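Structure file upload04.pdb (PDB, C-alpha atoms, pLDDT in the B column) is printed below.
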ATOM      1  CA  GLY Z   1       2.050   4.952  11.879  1.00 83.00           C
ATOM      2  CA  MET Z   2      -1.011   3.504  13.587  1.00 83.00           C
ATOM      3  CA  LEU Z   3      -1.716   6.835  15.296  1.00 82.00           C
ATOM      4  CA  VAL Z   4      -1.392   8.800  12.054  1.00 84.00           C
ATOM      5  CA  LYS Z   5      -3.321   6.491   9.708  1.00 85.00           C
ATOM      6  CA  PRO Z   6      -4.423   3.163  11.218  1.00 85.00           C
ATOM      7  CA  THR Z   7      -6.298   2.158   8.063  1.00 84.00           C
ATOM      8  CA  THR Z   8      -2.905   2.043   6.328  1.00 86.00           C
ATOM      9  CA  ALA Z   9      -0.503   1.044   9.071  1.00 87.00           C
ATOM     10  CA  ALA Z  10      -2.576  -1.894  10.347  1.00 88.00           C
ATOM     11  CA  PHE Z  11      -1.863  -3.924   7.226  1.00 92.00           C
ATOM     12  CA  TRP Z  12       1.898  -3.530   7.719  1.00 90.00           C
ATOM     13  CA  LEU Z  13       1.647  -5.692  10.814  1.00 87.00           C
ATOM     14  CA  LEU Z  14       1.369  -8.637   8.409  1.00 90.00           C
ATOM     15  CA  PRO Z  15       4.870  -8.444   6.864  1.00 91.00           C
ATOM     16  CA  ALA Z  16       6.252  -7.630  10.311  1.00 85.00           C
ATOM     17  CA  LEU Z  17       4.714 -10.816  11.674  1.00 84.00           C
ATOM     18  CA  GLY Z  18       5.994 -12.817   8.719  1.00 86.00           C
ATOM     19  CA  TYR Z  19       9.625 -11.742   9.051  1.00 83.00           C
ATOM     20  CA  ARG Z  20      12.028 -14.241  10.565  1.00 78.00           C
ATOM     21  CA  PRO Z  21      15.649 -13.439  11.515  1.00 72.00           C
ATOM     22  CA  SER Z  22      18.021 -15.545   9.444  1.00 72.00           C
ATOM     23  CA  ASN Z  23      20.680 -15.688  12.178  1.00 67.00           C
ATOM     24  CA  PRO Z  24      19.554 -18.041  14.989  1.00 59.00           C
ATOM     25  CA  ARG Z  25      21.962 -16.329  17.403  1.00 61.00           C
ATOM     26  CA  VAL Z  26      20.155 -13.020  17.073  1.00 56.00           C
ATOM     27  CA  THR Z  27      17.145 -14.121  19.054  1.00 56.00           C
ATOM     28  CA  SER Z  28      15.477 -17.210  20.420  1.00 64.00           C
ATOM     29  CA  ARG Z  29      12.071 -18.441  19.312  1.00 63.00           C
ATOM     30  CA  GLY Z  30      10.455 -17.414  22.583  1.00 64.00           C
ATOM     31  CA  ARG Z  31      11.942 -13.942  22.436  1.00 69.00           C
ATOM     32  CA  THR Z  32      10.797 -13.562  18.836  1.00 70.00           C
ATOM     33  CA  ALA Z  33       7.236 -14.482  19.834  1.00 72.00           C
ATOM     34  CA  ALA Z  34       7.294 -11.960  22.683  1.00 77.00           C
ATOM     35  CA  VAL Z  35       8.578  -9.174  20.435  1.00 76.00           C
ATOM     36  CA  LEU Z  36       5.948  -9.962  17.808  1.00 76.00           C
ATOM     37  CA  ALA Z  37       3.208  -9.959  20.426  1.00 77.00           C
ATOM     38  CA  LEU Z  38       4.283  -6.494  21.581  1.00 81.00           C
ATOM     39  CA  LEU Z  39       4.563  -5.380  17.961  1.00 79.00           C
ATOM     40  CA  VAL Z  40       0.887  -6.204  17.486  1.00 82.00           C
ATOM     41  CA  LEU Z  41      -0.674  -5.457  20.857  1.00 86.00           C
ATOM     42  CA  VAL Z  42       0.943  -2.098  21.621  1.00 87.00           C
ATOM     43  CA  PRO Z  43      -0.014  -0.411  18.306  1.00 87.00           C
ATOM     44  CA  LEU Z  44      -3.527  -1.852  18.411  1.00 88.00           C
ATOM     45  CA  ALA Z  45      -4.101  -0.711  22.000  1.00 91.00           C
ATOM     46  CA  ALA Z  46      -2.700   2.754  21.245  1.00 90.00           C
ATOM     47  CA  THR Z  47      -4.909   3.041  18.162  1.00 89.00           C
ATOM     48  CA  ALA Z  48      -8.041   1.968  20.039  1.00 91.00           C
ATOM     49  CA  LEU Z  49      -7.443   4.555  22.773  1.00 93.00           C
ATOM     50  CA  TRP Z  50      -6.558   7.324  20.319  1.00 91.00           C
ATOM     51  CA  THR Z  51      -9.587   6.603  18.099  1.00 91.00           C
ATOM     52  CA  ARG Z  52     -11.894   6.605  21.112  1.00 93.00           C
ATOM     53  CA  HIS Z  53     -10.449   9.966  22.193  1.00 94.00           C
ATOM     54  CA  ALA Z  54     -10.789  11.426  18.693  1.00 92.00           C
ATOM     55  CA  ASP Z  55     -14.363  10.164  18.342  1.00 93.00           C
ATOM     56  CA  ALA Z  56     -15.280  11.776  21.672  1.00 95.00           C
ATOM     57  CA  ILE Z  57     -13.992  15.136  20.424  1.00 95.00           C
ATOM     58  CA  LYS Z  58     -15.889  14.801  17.136  1.00 94.00           C
ATOM     59  CA  ALA Z  59     -19.101  13.686  18.829  1.00 94.00           C
ATOM     60  CA  ALA Z  60     -19.035  16.732  21.111  1.00 94.00           C
ATOM     61  CA  SER Z  61     -19.734  19.108  18.224  1.00 93.00           C
ATOM     62  CA  PRO Z  62     -22.717  19.070  15.829  1.00 92.00           C
ATOM     63  CA  VAL Z  63     -20.341  20.207  13.093  1.00 92.00           C
ATOM     64  CA  THR Z  64     -18.167  17.080  13.324  1.00 92.00           C
ATOM     65  CA  ASP Z  65     -20.382  14.414  14.902  1.00 92.00           C
ATOM     66  CA  TRP Z  66     -20.941  12.880  11.459  1.00 92.00           C
ATOM     67  CA  LEU Z  67     -17.184  12.172  11.221  1.00 91.00           C
ATOM     68  CA  THR Z  68     -17.047   9.647  14.067  1.00 93.00           C
ATOM     69  CA  SER Z  69     -15.973   6.093  13.281  1.00 90.00           C
ATOM     70  CA  SER Z  70     -19.460   4.661  13.749  1.00 89.00           C
ATOM     71  CA  GLU Z  71     -21.034   7.257  11.448  1.00 91.00           C
ATOM     72  CA  LEU Z  72     -18.495   6.606   8.672  1.00 90.00           C
ATOM     73  CA  GLU Z  73     -18.612   2.803   8.711  1.00 89.00           C
ATOM     74  CA  ASP Z  74     -20.750   2.440   5.590  1.00 89.00           C
ATOM     75  CA  TRP Z  75     -18.750   5.078   3.745  1.00 91.00           C
ATOM     76  CA  ASN Z  76     -15.378   3.599   4.675  1.00 90.00           C
ATOM     77  CA  PHE Z  77     -16.088  -0.058   4.025  1.00 92.00           C
ATOM     78  CA  GLY Z  78     -18.638   0.104   1.225  1.00 91.00           C
ATOM     79  CA  SER Z  79     -21.084  -2.652   0.406  1.00 92.00           C
ATOM     80  CA  LEU Z  80     -20.793  -6.343  -0.310  1.00 92.00           C
ATOM     81  CA  SER Z  81     -22.193  -5.791  -3.793  1.00 93.00           C
ATOM     82  CA  GLN Z  82     -19.297  -3.441  -4.571  1.00 93.00           C
ATOM     83  CA  ARG Z  83     -16.815  -6.209  -3.871  1.00 93.00           C
ATOM     84  CA  PHE Z  84     -18.496  -8.429  -6.467  1.00 94.00           C
ATOM     85  CA  ASP Z  85     -18.778  -5.684  -9.066  1.00 94.00           C
ATOM     86  CA  ARG Z  86     -16.194  -6.096 -11.825  1.00 94.00           C
ATOM     87  CA  GLY Z  87     -16.619  -2.443 -12.760  1.00 95.00           C
ATOM     88  CA  VAL Z  88     -15.457  -1.356  -9.305  1.00 95.00           C
ATOM     89  CA  TRP Z  89     -12.269  -3.416  -9.559  1.00 95.00           C
ATOM     90  CA  GLY Z  90     -11.759  -2.267 -13.121  1.00 95.00           C
ATOM     91  CA  VAL Z  91     -11.611   1.320 -11.842  1.00 95.00           C
ATOM     92  CA  ILE Z  92      -9.293   0.556  -8.897  1.00 95.00           C
ATOM     93  CA  VAL Z  93      -6.912  -1.760 -10.753  1.00 94.00           C
ATOM     94  CA  GLY Z  94      -6.940   0.559 -13.757  1.00 92.00           C
ATOM     95  CA  ARG Z  95      -5.796   3.449 -11.580  1.00 92.00           C
ATOM     96  CA  VAL Z  96      -2.993   1.315 -10.139  1.00 92.00           C
ATOM     97  CA  VAL Z  97      -1.733   0.441 -13.615  1.00 89.00           C
ATOM     98  CA  VAL Z  98      -2.196   3.843 -15.223  1.00 86.00           C
ATOM     99  CA  HIS Z  99      -1.283   6.174 -12.359  1.00 86.00           C
ATOM    100  CA  VAL Z 100       1.242   4.166 -10.337  1.00 86.00           C
ATOM    101  CA  ILE Z 101       3.116   1.223 -11.848  1.00 87.00           C
ATOM    102  CA  GLY Z 102       2.583   1.305 -15.606  1.00 84.00           C
ATOM    103  CA  LEU Z 103       2.719  -1.724 -17.878  1.00 83.00           C
ATOM    104  CA  ALA Z 104       6.364  -2.360 -16.961  1.00 84.00           C
ATOM    105  CA  GLY Z 105       5.292  -2.537 -13.326  1.00 88.00           C
ATOM    106  CA  VAL Z 106       2.718  -5.203 -14.138  1.00 90.00           C
ATOM    107  CA  ALA Z 107       5.492  -7.351 -15.629  1.00 88.00           C
ATOM    108  CA  LEU Z 108       7.690  -6.736 -12.584  1.00 90.00           C
ATOM    109  CA  LEU Z 109       4.886  -7.779 -10.238  1.00 93.00           C
ATOM    110  CA  ALA Z 110       4.753 -11.100 -12.064  1.00 93.00           C
ATOM    111  CA  VAL Z 111       8.518 -11.445 -11.534  1.00 92.00           C
ATOM    112  CA  ALA Z 112       8.023 -10.575  -7.861  1.00 94.00           C
ATOM    113  CA  LEU Z 113       5.711 -13.576  -7.452  1.00 93.00           C
ATOM    114  CA  VAL Z 114       8.438 -15.840  -8.842  1.00 94.00           C
ATOM    115  CA  ALA Z 115      10.996 -14.251  -6.529  1.00 94.00           C
ATOM    116  CA  LEU Z 116       8.601 -14.644  -3.597  1.00 94.00           C
ATOM    117  CA  ALA Z 117       8.267 -18.369  -4.208  1.00 93.00           C
ATOM    118  CA  ARG Z 118      12.065 -18.720  -4.042  1.00 92.00           C
ATOM    119  CA  SER Z 119      12.689 -16.371  -1.114  1.00 92.00           C
ATOM    120  CA  ALA Z 120      13.847 -17.512   2.306  1.00 89.00           C
ATOM    121  CA  GLN Z 121      11.600 -14.756   3.704  1.00 92.00           C
ATOM    122  CA  ARG Z 122       8.525 -16.007   1.878  1.00 92.00           C
ATOM    123  CA  LEU Z 123       6.095 -15.168   4.689  1.00 92.00           C
ATOM    124  CA  PHE Z 124       7.433 -11.624   4.884  1.00 93.00           C
ATOM    125  CA  TRP Z 125       6.870 -11.038   1.182  1.00 95.00           C
ATOM    126  CA  VAL Z 126       3.432 -12.628   1.334  1.00 96.00           C
ATOM    127  CA  GLY Z 127       2.715 -10.054   4.057  1.00 95.00           C
ATOM    128  CA  VAL Z 128       3.887  -7.258   1.751  1.00 96.00           C
ATOM    129  CA  VAL Z 129       1.569  -8.550  -0.988  1.00 96.00           C
ATOM    130  CA  LEU Z 130      -1.321  -8.541   1.487  1.00 96.00           C
ATOM    131  CA  ALA Z 131      -0.389  -5.039   2.682  1.00 95.00           C
ATOM    132  CA  GLY Z 132      -0.938  -3.889  -0.897  1.00 94.00           C
ATOM    133  CA  ALA Z 133      -3.952  -6.034  -1.764  1.00 95.00           C
ATOM    134  CA  LEU Z 134      -6.077  -6.028   1.386  1.00 95.00           C
ATOM    135  CA  PRO Z 135      -6.708  -2.270   1.845  1.00 95.00           C
ATOM    136  CA  PRO Z 136      -8.868  -1.993  -1.313  1.00 95.00           C
ATOM    137  CA  LEU Z 137     -10.644  -5.212  -0.345  1.00 95.00           C
ATOM    138  CA  VAL Z 138     -11.460  -3.871   3.127  1.00 94.00           C
ATOM    139  CA  PHE Z 139     -12.048  -0.175   2.335  1.00 94.00           C
ATOM    140  CA  THR Z 140     -13.490  -0.715  -1.118  1.00 94.00           C
ATOM    141  CA  ASN Z 141     -15.640   2.395  -1.270  1.00 94.00           C
ATOM    142  CA  LEU Z 142     -12.768   4.683  -0.278  1.00 93.00           C
ATOM    143  CA  TYR Z 143     -10.540   3.319  -3.024  1.00 94.00           C
ATOM    144  CA  LEU Z 144     -13.352   3.586  -5.545  1.00 95.00           C
ATOM    145  CA  VAL Z 145     -14.268   7.186  -4.755  1.00 93.00           C
ATOM    146  CA  HIS Z 146     -10.819   8.643  -4.008  1.00 92.00           C
ATOM    147  CA  ASP Z 147      -7.936   7.987  -6.383  1.00 90.00           C
ATOM    148  CA  TYR Z 148      -5.508   9.504  -3.881  1.00 89.00           C
ATOM    149  CA  TYR Z 149      -6.075   6.544  -1.549  1.00 91.00           C
ATOM    150  CA  LEU Z 150      -3.659   4.626  -3.764  1.00 92.00           C
ATOM    151  CA  ALA Z 151      -0.932   6.477  -1.865  1.00 90.00           C
ATOM    152  CA  ALA Z 152      -1.578   4.013   0.959  1.00 92.00           C
ATOM    153  CA  VAL Z 153      -0.646   0.972  -1.145  1.00 93.00           C
ATOM    154  CA  THR Z 154       2.223   2.453  -3.150  1.00 92.00           C
ATOM    155  CA  PRO Z 155       4.846   1.511  -0.489  1.00 93.00           C
ATOM    156  CA  ALA Z 156       3.885  -2.155  -0.857  1.00 95.00           C
ATOM    157  CA  LEU Z 157       3.903  -1.880  -4.643  1.00 95.00           C
ATOM    158  CA  ALA Z 158       7.284  -0.120  -4.567  1.00 93.00           C
ATOM    159  CA  ALA Z 159       8.711  -2.819  -2.293  1.00 95.00           C
ATOM    160  CA  LEU Z 160       7.511  -5.573  -4.633  1.00 95.00           C
ATOM    161  CA  LEU Z 161       8.857  -3.804  -7.716  1.00 92.00           C
ATOM    162  CA  GLY Z 162      12.204  -3.333  -5.990  1.00 92.00           C
ATOM    163  CA  PHE Z 163      12.172  -6.967  -4.904  1.00 95.00           C
ATOM    164  CA  ALA Z 164      11.590  -8.033  -8.511  1.00 93.00           C
ATOM    165  CA  ALA Z 165      14.280  -5.693  -9.846  1.00 90.00           C
ATOM    166  CA  GLY Z 166      16.774  -7.080  -7.349  1.00 91.00           C
ATOM    167  CA  PHE Z 167      15.848 -10.627  -8.315  1.00 92.00           C
ATOM    168  CA  ILE Z 168      16.454  -9.846 -11.996  1.00 89.00           C
ATOM    169  CA  TRP Z 169      19.744  -8.078 -11.229  1.00 87.00           C
ATOM    170  CA  ARG Z 170      21.095 -11.027  -9.251  1.00 87.00           C
ATOM    171  CA  HIS Z 171      20.341 -13.390 -12.145  1.00 85.00           C
ATOM    172  CA  LEU Z 172      21.929 -11.242 -14.848  1.00 85.00           C
ATOM    173  CA  PRO Z 173      25.300 -12.289 -16.283  1.00 85.00           C
ATOM    174  CA  PRO Z 174      28.086 -10.470 -14.404  1.00 81.00           C
ATOM    175  CA  LYS Z 175      29.326  -8.708 -17.548  1.00 83.00           C
ATOM    176  CA  ALA Z 176      29.464  -4.916 -17.166  1.00 80.00           C
ATOM    177  CA  PRO Z 177      27.881  -4.005 -20.553  1.00 84.00           C
ATOM    178  CA  ILE Z 178      24.845  -6.194 -19.880  1.00 82.00           C
ATOM    179  CA  ARG Z 179      24.345  -4.719 -16.428  1.00 81.00           C
ATOM    180  CA  ALA Z 180      24.773  -1.178 -17.766  1.00 87.00           C
ATOM    181  CA  VAL Z 181      22.084  -1.753 -20.394  1.00 86.00           C
ATOM    182  CA  ALA Z 182      19.822  -3.302 -17.758  1.00 82.00           C
ATOM    183  CA  ALA Z 183      20.309  -0.321 -15.419  1.00 83.00           C
ATOM    184  CA  VAL Z 184      19.511   2.228 -18.143  1.00 84.00           C
ATOM    185  CA  THR Z 185      16.491   0.190 -19.258  1.00 80.00           C
ATOM    186  CA  GLY Z 186      15.231   0.030 -15.690  1.00 78.00           C
ATOM    187  CA  LEU Z 187      15.520   3.799 -15.250  1.00 78.00           C
ATOM    188  CA  LEU Z 188      13.670   4.431 -18.511  1.00 77.00           C
ATOM    189  CA  LEU Z 189      10.890   2.034 -17.538  1.00 74.00           C
ATOM    190  CA  ALA Z 190      10.591   3.686 -14.125  1.00 73.00           C
ATOM    191  CA  ALA Z 191      10.309   7.117 -15.757  1.00 72.00           C
ATOM    192  CA  SER Z 192       7.744   5.831 -18.254  1.00 69.00           C
ATOM    193  CA  THR Z 193       5.035   5.694 -15.585  1.00 67.00           C
ATOM    194  CA  VAL Z 194       4.791   9.493 -15.445  1.00 62.00           C
ATOM    195  CA  GLY Z 195       4.791   9.723 -19.231  1.00 60.00           C
ATOM    196  CA  PHE Z 196       2.195   6.963 -19.400  1.00 63.00           C
ATOM    197  CA  ASP Z 197      -0.363   9.311 -17.875  1.00 68.00           C
ATOM    198  CA  HIS Z 198       1.177  12.761 -18.096  1.00 70.00           C
ATOM    199  CA  ALA Z 199      -2.211  14.478 -18.073  1.00 73.00           C
ATOM    200  CA  TYR Z 200      -2.741  13.150 -14.528  1.00 75.00           C
ATOM    201  CA  TRP Z 201       0.704  13.686 -13.028  1.00 73.00           C
ATOM    202  CA  ARG Z 202       1.421  17.104 -14.526  1.00 73.00           C
ATOM    203  CA  HIS Z 203      -0.828  18.675 -11.880  1.00 72.00           C
ATOM    204  CA  ALA Z 204       1.829  17.843  -9.279  1.00 70.00           C
ATOM    205  CA  TRP Z 205       3.953  20.595 -10.838  1.00 70.00           C
ATOM    206  CA  ASP Z 206       1.218  23.184 -11.341  1.00 69.00           C
ATOM    207  CA  ASP Z 207       2.173  26.619 -10.020  1.00 67.00           C
ATOM    208  CA  GLU Z 208      -1.421  27.346  -9.044  1.00 67.00           C
ATOM    209  CA  PRO Z 209      -3.965  24.926  -7.552  1.00 61.00           C
ATOM    210  CA  ASP Z 210      -6.969  23.829  -9.571  1.00 63.00           C
ATOM    211  CA  PRO Z 211      -9.910  26.211  -8.772  1.00 65.00           C
ATOM    212  CA  ALA Z 212     -12.272  23.235  -8.739  1.00 63.00           C
ATOM    213  CA  THR Z 213     -10.159  21.625  -6.026  1.00 58.00           C
ATOM    214  CA  LEU Z 214     -10.221  24.800  -3.940  1.00 55.00           C
ATOM    215  CA  ALA Z 215     -13.994  24.932  -4.264  1.00 55.00           C
ATOM    216  CA  LEU Z 216     -14.237  21.510  -2.631  1.00 51.00           C
TER
END
Would you mind giving the structure from this file in structure tokens?
Amino acid sequence: GMLVKPTTAAFWLLPALGYRPSNPRVTSRGRTAAVLALLVLVPLAATALWTRHADAIKAASPVTDWLTSSELEDWNFGSLSQRFDRGVWGVIVGRVVVHVIGLAGVALLAVALVALARSAQRLFWVGVVLAGALPPLVFTNLYLVHDYYLAAVTPALAALLGFAAGFIWRHLPPKAPIRAVAAVTGLLLAASTVGFDHAYWRHAWDDEPDPATLAL
């Protein structure tokens, strides 16, 4: 993951570092620390070497020298003023709600915070929250300009929504009719996201690509 897209995969080190085995016989504390150290150091070292190699290839050609990491720093990270601009976050958060999770997802995220507070793996789930929240904070300009960058945070959002759904399911009465209604309701709410912004998602099923996109 770090070699394919380090700007996405790097944030998933956080939930990995927060996870703790529940069975003490599985591993000792020292062994856990060693595994976690390797889990962080090996991907970071591999990414640094791969990025340096890729930048050297880009810098060798006048056609691609503007795509090196150093040349794209301002574009990737954006400015400090952007991070304090409510309009910027209105655009990014609005896309998350409209294009990804819908209003039902907003409610489930609130439930996920309650479930997180009660979870034995609290640090892991805090890491998942950060894996979804930190990328737009770090690469603000990218998330402002490109709506498709939300693909990088949808795994964290999906995990939190699933976490919330599981929490609700475990606290439902064990009666079959109630659980059947809850399951059908959940499926309808999940499907409502596409209907919530059909004009956006319908392009995924277009037989022919948008000419404007091809022109880019």
Worksheet item: How would you write, as a PyMOL selection string, the residues chosen by the PyMOL selection byres ((chain Z and resi 40) around 10) on this structure?
Response: chain Z and resi 10+13-14+16-17+35-39+41-45
Those selected residues, please, written with C-alpha atoms and delivered as an mmCIF file, in the frame of the given file.
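Result written to selection_21.cif:
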data_model
loop_
_atom_site.group_PDB
_atom_site.id
_atom_site.type_symbol
_atom_site.label_atom_id
_atom_site.label_comp_id
_atom_site.auth_asym_id
_atom_site.auth_seq_id
_atom_site.Cartn_x
_atom_site.Cartn_y
_atom_site.Cartn_z
ATOM 1 C CA ALA Z 10 -2.576 -1.894 10.347
ATOM 2 C CA LEU Z 13 1.647 -5.692 10.814
ATOM 3 C CA LEU Z 14 1.369 -8.637 8.409
ATOM 4 C CA ALA Z 16 6.252 -7.630 10.311
ATOM 5 C CA LEU Z 17 4.714 -10.816 11.674
ATOM 6 C CA VAL Z 35 8.578 -9.174 20.435
ATOM 7 C CA LEU Z 36 5.948 -9.962 17.808
ATOM 8 C CA ALA Z 37 3.208 -9.959 20.426
ATOM 9 C CA LEU Z 38 4.283 -6.494 21.581
ATOM 10 C CA LEU Z 39 4.563 -5.380 17.961
ATOM 11 C CA LEU Z 41 -0.674 -5.457 20.857
ATOM 12 C CA VAL Z 42 0.943 -2.098 21.621
ATOM 13 C CA PRO Z 43 -0.014 -0.411 18.306
ATOM 14 C CA LEU Z 44 -3.527 -1.852 18.411
ATOM 15 C CA ALA Z 45 -4.101 -0.711 22.000
#
Closest atom pairs, residues of segment 5-77 of chain Z within 12 Å of segment 149-166 of chain Z, all atoms listed in the file, as a Markdown table:
| residue | atom | partner | partner_atom | distance |
| --- | --- | --- | --- | --- |
| Z:Lys5 | CA | Z:Ala152 | CA | 9.3 |
| Z:Pro6 | CA | Z:Ala152 | CA | 10.7 |
| Z:Thr7 | CA | Z:Ala152 | CA | 8.7 |
| Z:Thr8 | CA | Z:Ala152 | CA | 5.9 |
| Z:Ala9 | CA | Z:Ala152 | CA | 8.7 |
| Z:Ala10 | CA | Z:Ala152 | CA | 11.1 |
| Z:Phe11 | CA | Z:Val153 | CA | 9.8 |
| Z:Trp12 | CA | Z:Ala156 | CA | 8.9 |
| Z:Leu14 | CA | Z:Ala156 | CA | 11.6 |
| Z:Pro15 | CA | Z:Ala156 | CA | 10.0 |
| Z:Asn76 | CA | Z:Tyr149 | CA | 11.6 |
Adding 5 Å on each side of the box along x, y and z that holds all listed atoms of segment 111-123 of chain Z, could you give its centre and edge lengths in Å to one decimal, as lines of an AutoDock Vina configuration file?
center_x = 9.8
center_y = -14.6
center_z = -3.4
size_x = 18.1
size_y = 18.1
size_z = 26.2
Practice prompt. Enter the distance from atom CA of Tyr143 of chain Z to atom CA of Leu188 of chain Z, in Å, rounded to one decimal.
Written response: 28.8 Å
Worksheet item: So which residues touch Trp66 of chain Z within 12 Å, counting all atoms listed in the file, skipping near sequence neighbours fewer than 6 positions away, as a ChimeraX atom specification?
Response: /Z:55-60,72-75
Practice prompt. Would you mind reading off the distance between atom CA of Val145 of chain Z and atom CA of Arg95 of chain Z, one decimal, in Å?
Written response: 11.5 Å
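Using all atoms listed in the file, the shortest contact distance between Gln82 of chain Z and any of Z:Ala104, Z:Ala115, Z:Ala199, Z:Val138 is found at Z:Val138.
Distances here use all atoms listed in the file; by that measure, the residue among Z:Val100, Z:Gly127, Z:Val4, Z:Leu109 closest to Trp50 of chain Z is Z:Val4.
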Worksheet item: Restricting the calculation to all atoms listed in the file, which member of Z:Phe167, Z:Phe139, Z:Phe84, Z:Trp89 is positioned closest to Ala117 of chain Z?
Response: Z:Phe167
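Taking atom CA of Pro173 of chain Z and atom CA of Thr185 of chain Z as the two end points, the separation is 15.6 Å.
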